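> Below is the file run36.txt, which contains compact mmCIF, C-alpha atoms.
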# COMPACT_ATOMS: atom_id res chain seq x y z
CA MET A 1 -17.82 -266.18 76.81
CA ARG A 2 -17.42 -265.70 73.07
CA THR A 3 -20.03 -263.25 71.84
CA GLY A 4 -20.70 -262.11 68.30
CA ILE A 5 -23.23 -259.74 66.82
CA PHE A 6 -24.98 -259.97 63.48
CA VAL A 7 -26.51 -256.62 62.56
CA GLY A 8 -28.81 -255.33 59.86
CA SER A 9 -32.17 -253.82 59.08
CA PHE A 10 -33.52 -257.31 58.25
CA ASN A 11 -36.44 -256.03 56.19
CA PRO A 12 -37.25 -258.85 55.85
CA PHE A 13 -35.05 -261.45 57.56
CA THR A 14 -34.35 -263.94 54.76
CA ILE A 15 -33.10 -267.49 54.34
CA GLY A 16 -29.76 -265.89 53.45
CA HIS A 17 -29.59 -264.21 56.86
CA ASP A 18 -30.64 -267.47 58.50
CA SER A 19 -27.83 -269.28 56.70
CA ILE A 20 -25.29 -266.84 58.14
CA VAL A 21 -26.68 -267.21 61.66
CA ARG A 22 -26.70 -271.00 61.54
CA ARG A 23 -23.16 -271.16 60.14
CA ALA A 24 -21.87 -268.64 62.70
CA LEU A 25 -23.47 -270.27 65.76
CA PRO A 26 -20.79 -272.97 66.23
CA LEU A 27 -18.21 -270.19 66.74
CA PHE A 28 -20.00 -268.47 69.61
CA ASP A 29 -21.47 -269.05 73.03
CA ARG A 30 -23.84 -266.16 72.35
CA LEU A 31 -24.89 -264.52 69.09
CA VAL A 32 -26.87 -261.29 69.30
CA ILE A 33 -28.88 -260.36 66.23
CA GLY A 34 -28.98 -256.56 66.25
CA VAL A 35 -31.93 -255.04 64.45
CA VAL A 36 -31.27 -251.47 63.30
CA GLY A 37 -33.81 -249.16 64.85
CA ASP A 38 -32.87 -245.90 63.16
CA ASN A 39 -31.70 -246.44 59.60
CA VAL A 40 -31.94 -243.01 57.97
CA HIS A 41 -31.35 -244.56 54.54
CA LYS A 42 -34.46 -246.74 54.90
CA PRO A 43 -37.17 -244.52 56.38
CA ASP A 44 -40.06 -246.85 55.47
CA LEU A 45 -38.95 -249.76 57.64
CA PRO A 46 -41.50 -251.73 59.62
CA SER A 47 -41.00 -251.13 63.34
CA ALA A 48 -37.95 -252.66 64.99
CA GLU A 49 -40.33 -254.59 67.25
CA GLU A 50 -42.04 -256.24 64.26
CA ARG A 51 -38.74 -257.21 62.66
CA MET A 52 -37.36 -258.43 65.99
CA GLN A 53 -40.41 -260.61 66.66
CA ALA A 54 -40.13 -262.27 63.24
CA ILE A 55 -36.49 -263.14 63.93
CA HIS A 56 -37.13 -264.19 67.53
CA ASP A 57 -39.79 -266.64 66.33
CA VAL A 58 -37.24 -268.36 64.06
CA TYR A 59 -34.76 -268.90 66.93
CA ALA A 60 -37.17 -269.41 69.83
CA ASP A 61 -35.63 -272.83 70.49
CA GLU A 62 -32.00 -271.62 70.28
CA PRO A 63 -30.81 -270.27 73.66
CA ARG A 64 -27.54 -268.91 72.23
CA VAL A 65 -29.40 -266.43 69.98
CA GLU A 66 -30.69 -263.12 71.33
CA VAL A 67 -32.52 -260.50 69.29
CA LYS A 68 -32.20 -256.84 70.25
CA SER A 69 -32.68 -253.48 68.61
CA TYR A 70 -29.93 -250.91 68.53
CA HIS A 71 -29.34 -247.34 67.46
CA GLY A 72 -26.07 -245.90 66.23
CA LEU A 73 -22.90 -247.67 65.20
CA ALA A 74 -22.49 -251.44 65.10
CA MET A 75 -19.16 -251.19 66.93
CA ASP A 76 -20.84 -249.33 69.81
CA PHE A 77 -23.58 -251.99 69.93
CA ALA A 78 -20.87 -254.69 69.95
CA ASN A 79 -19.13 -253.03 72.88
CA THR A 80 -22.42 -252.65 74.76
CA GLU A 81 -23.12 -256.36 74.28
CA GLY A 82 -19.57 -257.38 75.21
CA ALA A 83 -19.08 -258.82 71.73
CA GLN A 84 -15.63 -259.40 70.33
CA TYR A 85 -16.83 -260.00 66.76
CA ILE A 86 -19.21 -258.64 64.17
CA VAL A 87 -20.58 -261.30 61.81
CA LYS A 88 -21.34 -260.28 58.22
CA GLY A 89 -22.45 -262.01 55.05
CA VAL A 90 -20.91 -261.31 51.66
CA ARG A 91 -22.63 -262.10 48.34
CA SER A 92 -20.43 -260.28 45.83
CA ALA A 93 -17.21 -258.36 45.25
CA SER A 94 -19.02 -255.07 45.87
CA ASP A 95 -20.34 -256.44 49.19
CA PHE A 96 -16.78 -257.42 50.08
CA GLU A 97 -15.38 -253.96 49.34
CA TYR A 98 -18.07 -252.29 51.46
CA GLU A 99 -17.57 -254.72 54.34
CA GLN A 100 -13.79 -254.38 54.11
CA TRP A 101 -13.78 -250.64 54.86
CA GLN A 102 -16.41 -251.07 57.57
CA ALA A 103 -14.35 -253.83 59.17
CA ASP A 104 -11.29 -251.59 59.10
CA PHE A 105 -13.10 -248.78 60.96
CA ASN A 106 -14.71 -251.19 63.43
CA ARG A 107 -11.28 -252.65 64.25
CA LYS A 108 -9.43 -249.32 64.43
CA LEU A 109 -12.08 -247.31 66.26
CA GLY A 110 -13.90 -249.97 68.27
CA GLY A 111 -11.43 -252.82 68.69
CA ILE A 112 -13.97 -255.20 67.13
CA GLU A 113 -13.00 -257.86 64.59
CA THR A 114 -15.26 -258.77 61.68
CA ILE A 115 -15.89 -262.32 60.50
CA LEU A 116 -17.15 -262.63 56.93
CA PHE A 117 -19.25 -265.54 55.74
CA TYR A 118 -19.53 -266.01 52.01
CA THR A 119 -23.04 -266.67 50.80
CA GLU A 120 -23.87 -270.19 49.81
CA PRO A 121 -24.05 -270.22 45.99
CA GLU A 122 -27.74 -271.11 45.86
CA LEU A 123 -28.55 -268.07 48.01
CA ALA A 124 -26.46 -265.50 46.12
CA SER A 125 -29.50 -263.79 44.61
CA VAL A 126 -31.46 -263.59 47.87
CA SER A 127 -31.56 -260.07 49.28
CA SER A 128 -34.09 -258.25 51.41
CA SER A 129 -34.57 -255.57 48.75
CA ALA A 130 -35.25 -258.20 46.05
CA ILE A 131 -37.72 -259.98 48.35
CA ARG A 132 -39.52 -256.69 49.08
CA GLU A 133 -39.78 -255.93 45.37
CA LEU A 134 -41.15 -259.38 44.56
CA ALA A 135 -43.70 -259.06 47.38
CA HIS A 136 -44.72 -255.63 46.07
CA PHE A 137 -45.70 -257.27 42.78
CA GLY A 138 -47.67 -260.03 44.47
CA VAL A 139 -45.13 -262.83 44.23
CA ASP A 140 -45.24 -265.41 47.02
CA VAL A 141 -41.96 -264.79 48.86
CA SER A 142 -42.48 -267.43 51.57
CA PRO A 143 -39.75 -269.69 50.09
CA TYR A 144 -37.24 -266.92 50.90
CA ILE A 145 -38.32 -266.40 54.53
CA PRO A 146 -37.07 -268.82 57.22
CA LYS A 147 -39.70 -271.20 58.55
CA VAL A 148 -40.75 -270.89 62.16
CA LYS A 149 -40.47 -274.22 63.97
CA LYS A 150 -43.66 -275.22 65.72
As structure tokens, please, write out the structure in this file.


Amino acid sequence: MRTGIFVGSFNPFTIGHDSIVRRALPLFDRLVIGVVGDNVHKPDLPSAEERMQAIHDVYADEPRVEVKSYHGLAMDFANTEGAQYIVKGVRSASDFEYEQWQADFNRKLGGIETILFYTEPELASVSSSAIRELAHFGVDVSPYIPKVKK
């Protein structure tokens, strides 16, 4: 079984994240979305359970997607889940450089390969931090959040 993980704090889970998941799904039998539970760089995160539920609702009809929280390193989570790949999205050159060194450590230390998906051009400005800032100032951010199928 081909298993990949897609990890992040997902605060919030955006249409950019959804794009990565939907484009990665054809490559895997199982894709585990790993929600960071202990990000020391983002102490004001909503609970992992809240973030997980929001993501789970988006993929409730997709049996290949699982949503789980994790603590620690992505490569350790990948090994726990039996994943051979970490899926990442890249919006810019600086994203690429950051992901490149992470991918190198994940491969050398954990034996996990990284697959990068380049952001679709129309989603290049969509980021969780930008969405949070817009919401803080009262802007309707619903166009940037994936719709839950009913």

> Using only C-alpha atoms for the distances, tell me which of A:Ser128, A:Ser69, A:Asn79, A:Thr114 is nearest to Trp101 of chain A.

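Counting only C-alpha atoms, the residue closest to Trp101 of chain A is A:Thr114.
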
> Looking at only C-alpha atoms, which of A:Val21, A:Ala60, A:Ala124, A:Ala93 is the one that sits closest to Tyr144 of chain A?

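Result for the nearest residue to Tyr144 of chain A: A:Ala124.
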
> May I ask for the distance between atom CA of Ile112 of chain A and atom CA of Gln84 of chain A, given in Å to one decimal place?

5.5 Å

> Using all atoms listed in the file for the distances, tell me which of A:Lys108, A:Lys149, A:Arg132, A:Arg30 is nearest to Ala83 of chain A.

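The answer is A:Arg30, which sits nearest to Ala83 of chain A.
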
> Around (-37.5, -263.7, 67.4) in the file's frame, which residues reach within 12 Å when counting all atoms listed in the file? Return as number ranges by chain?

A: 10, 13, 18, 32-35, 48-63, 65-69, 146-149

> Which residue, A:Val7, A:Asp95, A:Asp76, A:Ile86, has the smallest gap to Phe28 of chain A when you use all atoms listed in the file?

A:Ile86

> What is the atom CA of Leu116 of chain A to atom CA of Lys88 of chain A distance in Å?

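About the pair atom CA of Leu116 of chain A and atom CA of Lys88 of chain A: they are 5.0 Å apart.
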
> With distances taken over only C-alpha atoms, which residue among A:Tyr85, A:Val36, A:Asp104, A:Ile20 lies nearest Gly8 of chain A?

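Among the listed residues, the smallest separation from Gly8 of chain A belongs to A:Val36.
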
> Which residue gives the smallest distance to Val90 of chain A among A:Phe6, A:Phe137, A:Tyr70, A:Tyr118, with only C-alpha atoms counted?

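The answer is A:Tyr118, which sits nearest to Val90 of chain A.
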
> Can you work out the spacing between atom CA of Thr80 of chain A and atom CA of Tyr98 of chain A in Å, to one decimal?

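Taking atom CA of Thr80 of chain A and atom CA of Tyr98 of chain A, their separation equals 23.7 Å.
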